[in-house]
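Peer 1: Input structure: start_23.cif, which contains mmCIF, C-alpha atoms.
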```cif
data_final
#
loop_
_atom_site.label_atom_id
_atom_site.label_comp_id
_atom_site.auth_asym_id
_atom_site.auth_seq_id
_atom_site.Cartn_x
_atom_site.Cartn_y
_atom_site.Cartn_z
CA MET A 1 -10.36 9.86 10.63
CA GLN A 2 -6.70 9.79 11.59
CA LYS A 3 -3.99 11.59 9.66
CA ASP A 4 -1.72 9.48 7.44
CA ALA A 5 1.50 11.10 8.65
CA THR A 6 3.12 9.02 11.37
CA SER A 7 6.43 8.49 12.99
CA VAL A 8 8.48 5.41 12.16
CA LEU A 9 6.75 3.71 15.12
CA GLY A 10 3.31 4.44 13.63
CA THR A 11 2.26 7.07 16.19
CA PRO A 12 1.01 10.50 15.06
CA GLN A 13 3.66 13.16 14.69
CA SER A 14 3.42 16.54 16.34
CA THR A 15 1.65 19.30 14.43
CA GLN A 16 4.91 21.17 13.98
CA ASN A 17 6.66 18.11 12.54
CA LEU A 18 3.68 17.40 10.30
CA ASP A 19 3.82 20.91 8.83
CA SER A 20 7.56 20.66 8.23
CA THR A 21 7.20 17.40 6.31
CA LYS A 22 3.95 18.12 4.50
CA HIS A 23 5.60 18.31 1.09
CA LEU A 24 8.18 15.64 0.29
CA PRO A 25 9.72 16.40 -3.12
CA TRP A 26 9.76 13.66 -5.75
CA THR A 27 13.31 12.53 -6.44
CA ARG A 28 15.13 10.48 -9.06
CA GLN A 29 15.44 7.65 -6.53
CA ASP A 30 11.65 7.66 -6.13
CA THR A 31 11.30 7.20 -9.89
CA THR A 32 13.81 4.34 -9.78
CA TRP A 33 11.82 2.58 -7.05
CA MET A 34 8.51 3.19 -8.85
CA LEU A 35 9.89 1.60 -12.02
CA SER A 36 11.36 -1.29 -10.05
CA LEU A 37 8.02 -1.98 -8.34
CA PHE A 38 6.23 -1.61 -11.68
CA GLY A 39 8.67 -4.07 -13.25
CA THR A 40 8.15 -6.56 -10.41
CA ALA A 41 4.38 -6.65 -11.02
CA VAL A 42 4.01 -6.04 -14.74
CA GLY A 43 5.40 -9.41 -15.84
CA ALA A 44 2.48 -11.43 -14.53
CA GLY A 45 -0.04 -8.74 -15.41
CA ILE A 46 0.66 -8.70 -19.13
CA LEU A 47 1.60 -12.35 -19.59
CA PHE A 48 -1.14 -14.32 -17.88
CA LEU A 49 -3.98 -12.00 -16.80
CA PRO A 50 -5.50 -11.51 -20.29
CA ILE A 51 -5.92 -15.28 -20.66
CA ASN A 52 -7.77 -15.95 -17.42
CA ALA A 53 -9.63 -12.65 -17.15
CA GLY A 54 -10.59 -12.56 -20.82
CA MET A 55 -12.15 -16.02 -20.89
CA GLY A 56 -14.94 -14.69 -18.66
CA GLY A 57 -16.01 -12.01 -21.13
CA PHE A 58 -15.71 -8.23 -21.45
CA TRP A 59 -18.07 -6.87 -18.79
CA PRO A 60 -16.68 -8.82 -15.82
CA LEU A 61 -13.31 -7.42 -16.90
CA VAL A 62 -14.69 -3.88 -16.55
CA LEU A 63 -15.57 -4.52 -12.90
CA MET A 64 -12.13 -6.06 -12.33
CA ALA A 65 -10.49 -2.94 -13.77
CA ALA A 66 -12.51 -0.76 -11.36
CA ILE A 67 -11.56 -2.66 -8.19
CA ILE A 68 -7.95 -3.69 -8.84
CA GLY A 69 -6.50 -0.18 -8.48
CA PRO A 70 -7.70 0.38 -4.89
CA MET A 71 -6.96 -3.25 -4.03
CA THR A 72 -3.36 -2.97 -5.24
CA TYR A 73 -2.57 0.38 -3.64
CA LEU A 74 -4.20 -0.19 -0.25
CA ALA A 75 -2.79 -3.71 0.21
CA HIS A 76 0.80 -2.77 -0.66
CA ARG A 77 0.52 0.40 1.43
CA GLY A 78 -0.52 -1.74 4.40
CA LEU A 79 2.45 -4.09 3.98
CA SER A 80 4.88 -1.19 3.63
CA ARG A 81 3.51 0.49 6.77
CA PHE A 82 3.93 -2.80 8.60
CA VAL A 83 7.62 -3.00 7.66
CA CYS A 84 8.13 0.69 8.46
CA SER A 85 6.59 0.21 11.94
CA SER A 86 9.69 -1.55 13.28
CA SER A 87 11.65 0.17 16.01
CA ILE A 88 14.83 -1.69 14.95
CA PRO A 89 16.79 0.01 12.14
CA GLY A 90 17.31 -2.07 9.00
CA SER A 91 14.68 -4.71 9.87
CA ASP A 92 13.23 -6.56 6.89
CA ILE A 93 9.77 -8.14 6.91
CA THR A 94 10.90 -11.43 8.47
CA GLN A 95 12.48 -9.55 11.39
CA VAL A 96 9.51 -7.18 11.80
CA VAL A 97 7.13 -10.15 11.99
CA GLU A 98 9.17 -11.66 14.85
CA GLU A 99 9.41 -8.28 16.60
CA HIS A 100 5.63 -7.79 16.60
CA PHE A 101 4.25 -11.35 16.85
CA GLY A 102 6.96 -13.25 18.75
CA VAL A 103 9.35 -16.03 17.77
CA GLY A 104 6.75 -18.78 17.15
CA ALA A 105 4.38 -16.71 15.04
CA GLY A 106 7.38 -15.08 13.40
CA LYS A 107 8.60 -18.47 12.17
CA ALA A 108 5.16 -19.43 10.84
CA ILE A 109 4.58 -16.16 8.96
CA THR A 110 8.13 -16.15 7.58
CA VAL A 111 7.54 -19.65 6.15
CA LEU A 112 4.22 -18.46 4.67
CA TYR A 113 5.93 -15.38 3.22
CA PHE A 114 8.51 -17.59 1.53
CA PHE A 115 5.88 -19.90 0.05
CA ALA A 116 3.86 -16.91 -1.16
CA ILE A 117 6.74 -15.79 -3.37
CA TYR A 118 8.81 -18.89 -4.14
CA PRO A 119 6.23 -20.51 -6.49
CA ILE A 120 6.16 -17.29 -8.53
CA VAL A 121 9.93 -17.50 -9.08
CA LEU A 122 9.36 -21.05 -10.34
CA ILE A 123 6.61 -19.77 -12.65
CA TYR A 124 9.00 -17.27 -14.21
CA GLY A 125 11.54 -20.01 -14.81
CA VAL A 126 8.88 -21.87 -16.82
CA GLY A 127 7.66 -18.68 -18.50
CA ILE A 128 11.06 -17.47 -19.73
CA THR A 129 11.90 -20.93 -21.12
CA ASN A 130 8.58 -21.26 -22.99
CA THR A 131 8.79 -17.70 -24.34
CA VAL A 132 12.30 -18.09 -25.76
CA ASP A 133 11.62 -21.61 -27.04
CA SER A 134 8.46 -20.43 -28.85
CA PHE A 135 10.37 -17.51 -30.39
CA ILE A 136 13.17 -19.80 -31.64
CA VAL A 137 10.70 -22.25 -33.22
CA ASN A 138 7.94 -19.95 -34.53
CA GLN A 139 9.71 -16.69 -35.37
CA LEU A 140 13.25 -17.82 -36.19
CA GLY A 141 12.17 -21.11 -37.80
CA MET A 142 14.83 -23.11 -35.98
CA ALA A 143 14.64 -26.42 -34.17
CA SER A 144 13.72 -26.36 -30.50
CA PRO A 145 16.93 -26.52 -28.40
CA PRO A 146 17.24 -29.08 -25.55
CA ARG A 147 14.98 -27.74 -22.81
CA PHE A 148 17.36 -28.45 -19.94
CA ILE A 149 20.17 -26.47 -21.63
CA LEU A 150 17.96 -23.52 -22.69
CA SER A 151 16.32 -23.17 -19.27
CA GLY A 152 19.65 -23.50 -17.45
CA VAL A 153 21.31 -20.73 -19.48
CA LEU A 154 18.34 -18.35 -19.10
CA ILE A 155 17.99 -18.90 -15.35
CA LEU A 156 21.74 -18.49 -14.80
CA GLY A 157 21.65 -15.20 -16.67
CA MET A 158 18.79 -13.78 -14.58
CA MET A 159 20.33 -14.94 -11.30
CA ALA A 160 23.72 -13.41 -12.24
CA VAL A 161 22.13 -9.93 -12.21
CA MET A 162 20.76 -10.55 -8.69
CA VAL A 163 24.10 -11.80 -7.40
CA ALA A 164 25.72 -8.56 -8.65
CA GLY A 165 23.80 -6.60 -5.99
CA GLU A 166 20.77 -4.36 -5.36
CA LYS A 167 22.15 -1.25 -7.10
CA PHE A 168 23.01 -3.16 -10.27
CA MET A 169 19.62 -4.90 -10.24
CA LEU A 170 17.80 -1.54 -9.95
CA LYS A 171 19.81 -0.12 -12.86
CA VAL A 172 19.07 -3.15 -15.05
CA THR A 173 15.38 -3.02 -14.10
CA GLN A 174 15.21 0.68 -14.97
CA LEU A 175 16.83 0.03 -18.35
CA LEU A 176 14.33 -2.76 -19.04
CA VAL A 177 11.18 -1.00 -17.85
CA TYR A 178 11.48 2.11 -20.05
CA PRO A 179 11.35 0.19 -23.35
CA LEU A 180 8.78 -2.18 -21.82
CA VAL A 181 6.38 0.68 -21.05
CA GLY A 182 6.84 2.24 -24.50
CA ILE A 183 6.41 -0.96 -26.53
CA LEU A 184 3.56 -2.16 -24.29
CA ALA A 185 1.59 1.07 -24.85
CA PHE A 186 2.25 0.93 -28.60
CA MET A 187 1.22 -2.74 -28.78
CA SER A 188 -2.04 -1.99 -26.94
CA ILE A 189 -2.90 0.76 -29.44
CA TYR A 190 -1.65 -1.29 -32.42
CA LEU A 191 -4.18 -4.03 -31.64
CA ILE A 192 -7.17 -1.65 -31.62
CA PRO A 193 -8.08 -2.23 -35.32
CA GLU A 194 -8.32 -5.97 -34.47
CA TRP A 195 -10.94 -5.42 -31.75
CA LYS A 196 -14.11 -7.53 -32.06
CA MET A 197 -16.81 -5.28 -30.65
CA ASP A 198 -19.42 -8.07 -30.58
CA ALA A 199 -17.91 -9.05 -27.21
CA LEU A 200 -19.60 -5.96 -25.71
CA GLN A 201 -23.02 -7.40 -26.54
CA VAL A 202 -22.51 -10.53 -24.43
CA VAL A 203 -23.63 -9.79 -20.86
CA PRO A 204 -23.55 -12.76 -18.43
CA GLU A 205 -26.38 -13.19 -15.92
CA ALA A 206 -25.69 -11.84 -12.42
CA GLY A 207 -24.60 -15.15 -10.88
CA ALA A 208 -22.19 -16.03 -13.66
CA PHE A 209 -20.93 -12.44 -13.76
CA LEU A 210 -20.03 -12.32 -10.05
CA GLY A 211 -18.72 -15.88 -10.13
CA THR A 212 -16.34 -15.00 -12.95
CA VAL A 213 -15.03 -11.97 -11.04
CA TRP A 214 -14.62 -14.01 -7.84
CA LEU A 215 -12.70 -16.78 -9.60
CA THR A 216 -10.43 -14.24 -11.31
CA ILE A 217 -9.56 -12.27 -8.14
CA PRO A 218 -6.61 -14.60 -7.23
CA VAL A 219 -5.14 -14.02 -10.70
CA LEU A 220 -5.72 -10.25 -10.31
CA VAL A 221 -3.96 -10.32 -6.95
CA PHE A 222 -1.07 -12.23 -8.51
CA ALA A 223 -0.95 -10.07 -11.64
CA PHE A 224 -0.59 -6.76 -9.78
CA ASN A 225 1.49 -8.10 -6.91
CA HIS A 226 4.80 -6.36 -6.16
CA SER A 227 4.94 -7.35 -2.49
CA PRO A 228 8.24 -9.28 -2.83
CA ALA A 229 10.05 -5.97 -3.35
CA ILE A 230 8.10 -4.07 -0.65
CA SER A 231 10.30 -5.20 2.24
CA GLN A 232 13.59 -3.98 0.77
CA PHE A 233 11.80 -0.93 -0.64
CA SER A 234 10.55 0.01 2.85
CA VAL A 235 13.92 -0.70 4.47
CA SER A 236 15.58 1.58 1.92
CA LEU A 237 13.07 4.39 2.57
CA LYS A 238 13.51 4.06 6.34
CA ARG A 239 17.26 4.40 5.86
CA ASP A 240 16.88 7.48 3.63
CA HIS A 241 13.82 9.23 5.13
CA GLY A 242 13.58 8.06 8.74
CA ALA A 243 10.27 9.12 10.30
CA ASN A 244 8.87 10.13 6.91
CA ALA A 245 9.42 6.69 5.35
CA SER A 246 5.74 5.67 5.48
CA ARG A 247 4.56 8.94 3.93
CA LYS A 248 7.14 8.71 1.16
CA ALA A 249 6.19 5.06 0.55
CA ASP A 250 2.50 5.99 0.26
CA VAL A 251 3.22 8.41 -2.60
CA ILE A 252 5.49 6.03 -4.50
CA LEU A 253 3.04 3.14 -4.10
CA ARG A 254 0.11 5.29 -5.23
CA ASN A 255 1.95 6.31 -8.40
CA THR A 256 3.08 2.73 -9.02
CA SER A 257 -0.51 1.45 -8.72
CA MET A 258 -1.83 4.13 -11.10
CA MET A 259 0.89 3.29 -13.62
CA LEU A 260 0.18 -0.43 -13.35
CA VAL A 261 -3.58 -0.14 -13.77
CA GLY A 262 -3.25 2.27 -16.68
CA PHE A 263 -0.75 0.30 -18.74
CA VAL A 264 -1.69 -3.26 -17.79
CA MET A 265 -5.47 -2.94 -18.05
CA LEU A 266 -5.23 -1.12 -21.40
CA PHE A 267 -3.16 -4.03 -22.67
CA VAL A 268 -5.50 -6.63 -21.15
CA PHE A 269 -8.56 -5.01 -22.76
CA SER A 270 -6.75 -4.79 -26.09
CA CYS A 271 -5.80 -8.49 -26.01
CA VAL A 272 -9.23 -9.66 -24.88
CA LEU A 273 -11.04 -7.68 -27.58
CA SER A 274 -8.67 -8.80 -30.34
CA LEU A 275 -8.84 -12.54 -29.52
CA SER A 276 -11.80 -14.91 -29.22
CA PRO A 277 -12.52 -16.94 -26.04
CA ALA A 278 -11.49 -20.07 -27.98
CA GLN A 279 -8.10 -18.52 -28.79
CA LEU A 280 -7.58 -17.53 -25.15
CA ALA A 281 -8.39 -21.11 -24.11
CA GLU A 282 -5.85 -22.36 -26.68
CA ALA A 283 -3.17 -20.06 -25.23
CA LYS A 284 -3.90 -21.48 -21.78
CA ALA A 285 -3.68 -25.05 -23.10
CA GLN A 286 -0.33 -24.31 -24.78
CA ASN A 287 1.04 -22.87 -21.47
CA LEU A 288 2.24 -19.78 -23.33
CA PRO A 289 2.26 -16.12 -22.27
CA ILE A 290 -0.38 -14.15 -24.21
CA LEU A 291 2.29 -12.22 -26.11
CA SER A 292 3.91 -15.38 -27.43
CA TYR A 293 0.50 -16.69 -28.50
CA LEU A 294 -0.28 -13.38 -30.25
CA ALA A 295 3.05 -13.57 -32.07
CA ASN A 296 2.20 -17.05 -33.35
CA VAL A 297 -1.34 -16.27 -34.63
CA HIS A 298 -0.95 -12.65 -35.79
CA SER A 299 0.08 -11.93 -39.37
CA SER A 300 1.86 -8.67 -38.46
CA GLY A 301 5.66 -8.78 -38.37
CA PHE A 302 5.62 -6.17 -35.58
CA VAL A 303 3.53 -8.39 -33.28
CA SER A 304 5.47 -11.53 -34.26
CA TYR A 305 8.82 -10.11 -33.18
CA PHE A 306 8.01 -7.50 -30.55
CA GLY A 307 5.47 -9.68 -28.71
CA PRO A 308 8.07 -12.19 -27.51
CA LEU A 309 10.50 -9.33 -26.80
CA ILE A 310 7.99 -7.66 -24.46
CA ALA A 311 7.28 -11.01 -22.80
CA PHE A 312 11.01 -11.62 -22.30
CA ILE A 313 11.63 -8.15 -20.78
CA ALA A 314 8.54 -8.43 -18.58
CA ILE A 315 9.55 -11.84 -17.20
CA VAL A 316 13.14 -10.75 -16.50
CA SER A 317 12.14 -7.50 -14.74
CA SER A 318 9.49 -9.29 -12.68
CA PHE A 319 11.83 -12.15 -11.81
CA PHE A 320 14.25 -9.74 -10.09
CA GLY A 321 11.74 -8.46 -7.54
CA HIS A 322 10.31 -11.89 -6.79
CA TYR A 323 13.73 -13.51 -6.49
CA MET A 324 14.71 -10.79 -4.00
CA GLY A 325 11.65 -11.55 -1.87
CA ALA A 326 12.01 -15.33 -2.09
CA THR A 327 15.67 -15.32 -1.00
CA GLU A 328 14.84 -12.91 1.82
CA GLY A 329 12.07 -15.22 3.03
CA MET A 330 14.20 -18.35 2.77
CA LYS A 331 17.07 -16.73 4.63
CA GLY A 332 14.65 -15.69 7.38
CA VAL A 333 13.39 -19.28 7.72
CA ILE A 334 16.93 -20.73 7.87
CA VAL A 335 18.28 -18.13 10.32
CA LYS A 336 15.33 -18.54 12.70
CA GLN A 337 15.66 -22.32 12.64
CA LEU A 338 19.42 -22.25 13.26
CA ARG A 339 19.09 -19.79 16.13
CA SER A 340 16.34 -21.79 17.83
CA SER A 341 18.58 -24.87 17.57
CA GLY A 342 21.47 -22.97 19.14
CA LYS A 343 23.64 -23.24 16.03
CA SER A 344 25.87 -20.51 14.66
CA VAL A 345 24.68 -18.43 11.69
CA THR A 346 27.15 -17.74 8.88
CA ASP A 347 25.77 -15.39 6.22
CA ALA A 348 28.21 -16.50 3.53
CA LYS A 349 27.30 -20.20 3.86
CA ILE A 350 23.57 -19.47 4.01
CA ASN A 351 23.75 -17.26 0.90
CA LYS A 352 25.63 -19.96 -1.05
CA PHE A 353 23.09 -22.59 -0.03
CA ILE A 354 20.16 -20.37 -1.05
CA LEU A 355 21.82 -19.60 -4.39
CA GLY A 356 22.30 -23.30 -5.15
CA PHE A 357 18.82 -24.26 -3.96
CA MET A 358 17.16 -21.55 -6.06
CA PHE A 359 19.02 -22.44 -9.24
CA VAL A 360 18.44 -26.20 -8.98
CA THR A 361 14.73 -25.97 -8.15
CA ILE A 362 13.90 -23.23 -10.69
CA TRP A 363 15.80 -25.18 -13.34
CA ALA A 364 14.07 -28.48 -12.47
CA VAL A 365 10.57 -26.95 -12.61
CA ALA A 366 11.40 -25.17 -15.89
CA VAL A 367 12.36 -28.53 -17.41
CA ILE A 368 9.21 -30.25 -16.07
CA ASN A 369 7.01 -27.42 -17.49
CA PRO A 370 3.88 -27.56 -15.27
CA SER A 371 0.76 -25.46 -16.01
CA ILE A 372 1.56 -21.83 -15.19
CA LEU A 373 -2.04 -20.70 -14.66
CA GLY A 374 -2.72 -23.79 -12.57
CA MET A 375 0.15 -22.83 -10.24
CA ILE A 376 -1.13 -19.24 -10.02
CA GLU A 377 -4.69 -20.27 -9.16
CA ALA A 378 -3.72 -22.95 -6.63
CA LEU A 379 -0.69 -21.36 -4.96
CA GLY A 380 0.09 -17.81 -6.02
CA GLY A 381 -3.11 -15.83 -5.47
CA PRO A 382 -4.41 -17.36 -2.18
CA ILE A 383 -1.06 -17.36 -0.34
CA ILE A 384 -0.16 -13.85 -1.54
CA ALA A 385 -3.57 -12.67 -0.30
CA ALA A 386 -2.84 -14.04 3.18
CA ILE A 387 0.48 -12.18 3.43
CA LEU A 388 -0.29 -9.03 1.46
CA TYR A 389 -3.94 -8.39 2.36
CA LEU A 390 -4.74 -10.06 5.68
CA MET A 391 -1.52 -10.11 7.73
CA PRO A 392 -0.94 -6.29 7.67
CA MET A 393 -4.62 -5.69 8.55
CA TYR A 394 -4.34 -8.12 11.47
CA ALA A 395 -1.23 -6.24 12.57
CA VAL A 396 -3.07 -2.90 12.45
CA TYR A 397 -5.48 -4.11 15.15
CA LYS A 398 -2.92 -6.03 17.22
CA VAL A 399 0.33 -4.03 17.08
CA PRO A 400 0.49 -0.82 19.17
CA ALA A 401 2.93 0.75 16.69
CA LEU A 402 0.17 0.66 14.01
CA LYS A 403 -2.62 1.96 16.23
CA ALA A 404 -2.90 5.21 14.22
CA TYR A 405 -4.26 3.26 11.22
CA ARG A 406 -7.24 1.62 12.95
CA GLY A 407 -10.89 2.37 12.27
CA ARG A 408 -10.69 3.02 8.54
CA ILE A 409 -13.08 1.90 5.80
CA SER A 410 -10.07 1.05 3.61
CA ASN A 411 -9.09 -1.65 6.12
CA ILE A 412 -12.45 -3.39 5.66
CA PHE A 413 -12.10 -3.21 1.88
CA VAL A 414 -8.65 -4.84 2.00
CA ILE A 415 -9.84 -7.59 4.36
CA ILE A 416 -12.83 -8.44 2.12
CA ALA A 417 -10.61 -8.50 -0.98
CA GLY A 418 -8.13 -10.79 0.78
CA LEU A 419 -10.86 -13.20 1.93
CA LEU A 420 -12.36 -13.33 -1.57
CA ALA A 421 -8.94 -14.15 -3.04
CA MET A 422 -8.37 -16.94 -0.52
CA THR A 423 -11.85 -18.50 -0.87
CA ALA A 424 -12.06 -18.32 -4.68
CA ILE A 425 -10.30 -21.67 -5.00
CA LEU A 426 -13.03 -23.25 -2.82
CA PHE A 427 -15.74 -21.57 -4.90
CA GLY A 428 -14.15 -22.94 -8.06
CA PHE A 429 -13.95 -26.43 -6.54
CA PHE A 430 -17.63 -26.58 -5.54
CA ARG A 431 -18.91 -24.69 -8.57
#
```
Can I see the file as structure tokens?
Peer 2:
Amino acid sequence: MQKDATSVLGTPQSTQNLDSTKHLPWTRQDTTWMLSLFGTAVGAGILFLPINAGMGGFWPLVLMAAIIGPMTYLAHRGLSRFVCSSSIPGSDITQVVEEHFGVGAGKAITVLYFFAIYPIVLIYGVGITNTVDSFIVNQLGMASPPRFILSGVLILGMMAVMVAGEKFMLKVTQLLVYPLVGILAFMSIYLIPEWKMDALQVVPEAGAFLGTVWLTIPVLVFAFNHSPAISQFSVSLKRDHGANASRKADVILRNTSMMLVGFVMLFVFSCVLSLSPAQLAEAKAQNLPILSYLANVHSSGFVSYFGPLIAFIAIVSSFFGHYMGATEGMKGVIVKQLRSSGKSVTDAKINKFILGFMFVTIWAVAVINPSILGMIEALGGPIIAAILYLMPMYAVYKVPALKAYRGRISNIFVIIAGLLAMTAILFGFFR
């Protein structure tokens, strides 16, 4: 079994260098990145996972809770190591892909990377509009505002934070995540008296049990996904830690995964046990985040007002990370196409085009209001699995810079998880 410590090129470090870097102290910047990654993932995890996962019953959810931690950590670690393997300073994922796989494959994977993240940004445009609209109507007792105006204002506000720059975005995310974690934990505990323990007595037969887990894996992958922020996260660590970037990333990603599983799964269990399968199906039909649905059916004033607040904070914090990844992917696609056509590349013009494209399309989809869970099942989970789970594992066995990571059981686990996520949609179709 190879050691985890590697140089920035992925080759083992000397024993002397390994000893000198054995202990990397945890810093305030590490905490900032952990919270940013947590914020990127937690939106989907607490808004949509309880609905899909809970409809299958309690015991399949227990198995999901057991496997999602290793799945999340190992997959994101693989993607981070892939980005850190570049020999070119400052290379983001779209540039690393071209460096390792060539121009043609680089274009194809960059397009796939964009389409893995872009639909999620659209989902959050729909989610934030529905959450605020539901709060205005059900909690404030006011008339529903025109959807095109409400969605436009909300999307402009979220995009304005991103335009202000990475440092400002990280500060805003940190400010949002602290209250999110606190209220989320309190909400999970607050719902305990509402738990219906009869759900524990319903045990599906083996086929239905495994089928439920298989069908839910794409939503699990989506719910715990923070891959859109991994590229810039890894670039930042390479800039600050050089050869130790991968080792530092491993620690931050491990802590992020533990934090995610602890807080999100506690909340998911609490929601599933306090609502009936019929209520979860109703939430899905209404295209509402679980917190907004809880606020509408729960008699408690605390749940009625803090539920939508948590949903709002979770969507905003998650939007930032996904928007960052989507714009990075789109810029990579445009730059590669312009260069192959022999045309000049002007960053300012490209950035303005991307900004306009993102606003118009997110706004349009938010007005149309398609099914959120339908988009996750059909687009989000399977495409994310291809980029996050399978592509880094393919790179491990094809790229010399990642040779040190070959021959590990964890690689097989990640590949199987990725294949299950990609084939679940076929299983659901033929079921």
Peer 1: Record the distance separating atom CA of A:Phe263 and atom CA of A:Gln174, expressed in Å with one decimal.
Peer 2: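 Between atom CA of A:Phe263 and atom CA of A:Gln174 the gap is 16.4 Å.
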Peer 1: Please evaluate the PyMOL selection byres ((chain A and resi 412) around 12) against the structure above and give the resulting residues as a PDB file with C-alpha atoms, in the frame of the given file.
Peer 2:
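Saved as expr-v3.pdb:
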```
ATOM      1  CA  MET A  71      -6.960  -3.250  -4.030  1.00  0.00           C
ATOM      2  CA  LEU A  74      -4.200  -0.190  -0.250  1.00  0.00           C
ATOM      3  CA  ALA A  75      -2.790  -3.710   0.210  1.00  0.00           C
ATOM      4  CA  TYR A 389      -3.940  -8.390   2.360  1.00  0.00           C
ATOM      5  CA  LEU A 390      -4.740 -10.060   5.680  1.00  0.00           C
ATOM      6  CA  MET A 393      -4.620  -5.690   8.550  1.00  0.00           C
ATOM      7  CA  TYR A 394      -4.340  -8.120  11.470  1.00  0.00           C
ATOM      8  CA  VAL A 396      -3.070  -2.900  12.450  1.00  0.00           C
ATOM      9  CA  TYR A 397      -5.480  -4.110  15.150  1.00  0.00           C
ATOM     10  CA  TYR A 405      -4.260   3.260  11.220  1.00  0.00           C
ATOM     11  CA  ARG A 406      -7.240   1.620  12.950  1.00  0.00           C
ATOM     12  CA  GLY A 407     -10.890   2.370  12.270  1.00  0.00           C
ATOM     13  CA  ARG A 408     -10.690   3.020   8.540  1.00  0.00           C
ATOM     14  CA  ILE A 409     -13.080   1.900   5.800  1.00  0.00           C
ATOM     15  CA  SER A 410     -10.070   1.050   3.610  1.00  0.00           C
ATOM     16  CA  ASN A 411      -9.090  -1.650   6.120  1.00  0.00           C
ATOM     17  CA  PHE A 413     -12.100  -3.210   1.880  1.00  0.00           C
ATOM     18  CA  VAL A 414      -8.650  -4.840   2.000  1.00  0.00           C
ATOM     19  CA  ILE A 415      -9.840  -7.590   4.360  1.00  0.00           C
ATOM     20  CA  ILE A 416     -12.830  -8.440   2.120  1.00  0.00           C
ATOM     21  CA  ALA A 417     -10.610  -8.500  -0.980  1.00  0.00           C
ATOM     22  CA  GLY A 418      -8.130 -10.790   0.780  1.00  0.00           C
ATOM     23  CA  LEU A 419     -10.860 -13.200   1.930  1.00  0.00           C
TER      24      LEU A 419
END
```
Peer 1: Of the residues A:Met258, A:Ser231, A:Ala108, A:Met34, which is the one nearest to A:Val96, using all atoms listed in the file?
Peer 2: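 Of A:Met258, A:Ser231, A:Ala108, A:Met34, the one nearest A:Val96 is A:Ser231, counting all atoms listed in the file.
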Peer 1: Please evaluate the PyMOL selection byres ((chain A and resi 51-53) around 8) against the displayed coordinates and give the resulting residues as a PyMOL selection string.
Peer 2: chain A and resi 48-50+54-57+61+216+219+272+280-281+283-284+290+373
Peer 1: Taking into account only C-alpha atoms, which residue in the set A:Ile109, A:Ile128, A:Val203, A:Cys84 is nearest to A:Ile372?
Peer 2: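 Of all the options, A:Ile128 lies closest to A:Ile372.
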Peer 1: Just checking: using only C-alpha atoms, which residue out of A:Pro89, A:Pro60, A:Gly152, A:Gly125 ends up closest to A:Lys238?
Peer 2: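 Closest to A:Lys238, using only C-alpha atoms: A:Pro89.
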Peer 1: I'd like to know which of A:Gly182, A:Gly39, A:Gly102, A:Pro70 is closest to A:Phe319, using all atoms listed in the file.
Peer 2: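 Comparing A:Gly182, A:Gly39, A:Gly102, A:Pro70 against A:Phe319, the winner is A:Gly39.
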Peer 1: Figure out the distance between atom CA of A:Tyr323 and atom CA of A:Gly356, please, to one decimal in Å.
Peer 2: 13.1 Å
Peer 1: What is the distance, in Å and to one decimal place, between atom CA of A:Ile313 and atom CA of A:Leu215?
Peer 2: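 Atom-to-atom, atom CA of A:Ile313 to atom CA of A:Leu215, that is 28.1 Å.
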Peer 1: Determine, counting all atoms listed in the file, which protein, DNA and RNA residues have an atom within 12 Å of an atom of A:Ser300; residues of the same chain fewer than 4 positions away are not included. Present the result as an MDAnalysis selection string.
Peer 2: chainID A and resid 139 187 190:191 194 294:296 304:307
Peer 1: A:Gln337: which residues within 12 Å, counting only C-alpha atoms, same-chain residues fewer than 4 positions away excluded, as a PyMOL selection string?
Peer 2: chain A and resi 103-104+106-108+110-111+330-333+341-345
Peer 1: Running the PyMOL selection byres ((chain A and resi 72) around 12) on this model by hand, what would come out? Give it as a VMD selection string.
Peer 2: chain A and resid 37 to 38 41 64 to 71 73 to 79 217 220 to 227 253 to 261 384 to 385 388 to 389 410 413 to 414 417 to 418
Peer 1: I'd like the neighbourhood of A:Pro308 as a PyMOL selection string, where a residue qualifies if any of its atoms comes within 8 Å (using all atoms listed in the file), though same-chain residues fewer than 4 positions away should be ignored.
Peer 2: chain A and resi 131-132+135+291-292+295+304+312
Peer 1: When you count all atoms listed in the file, which of these residues is closest to A:Ser246: A:Ile383, A:Ile368, A:Val161, A:Leu24?
Peer 2: A:Leu24
Peer 1: Rank nothing, just name the residue among A:Val213, A:Leu420, A:Ala326, A:Met391 nearest to A:Leu122, using only C-alpha atoms.
Peer 2: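 Between A:Val213, A:Leu420, A:Ala326, A:Met391, the residue approaching A:Leu122 most closely is A:Ala326.
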Peer 1: Dig up all the protein and nucleic acid residues within 12 Å of (19.3, -24.0, -24.1) in the file frame, using only C-alpha atoms, and format them as a list of chain:residue names.
Peer 2: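 Those residues, ordered by chain and then number, are A:Ile128, A:Thr129, A:Asn130, A:Val132, A:Asp133, A:Ile136, A:Ala143, A:Ser144, A:Pro145, A:Pro146, A:Arg147, A:Phe148, A:Ile149, A:Leu150, A:Ser151, A:Gly152, A:Val153, A:Leu154, A:Ile155, A:Leu156, A:Gly157, A:Trp363, A:Ala366, A:Val367.
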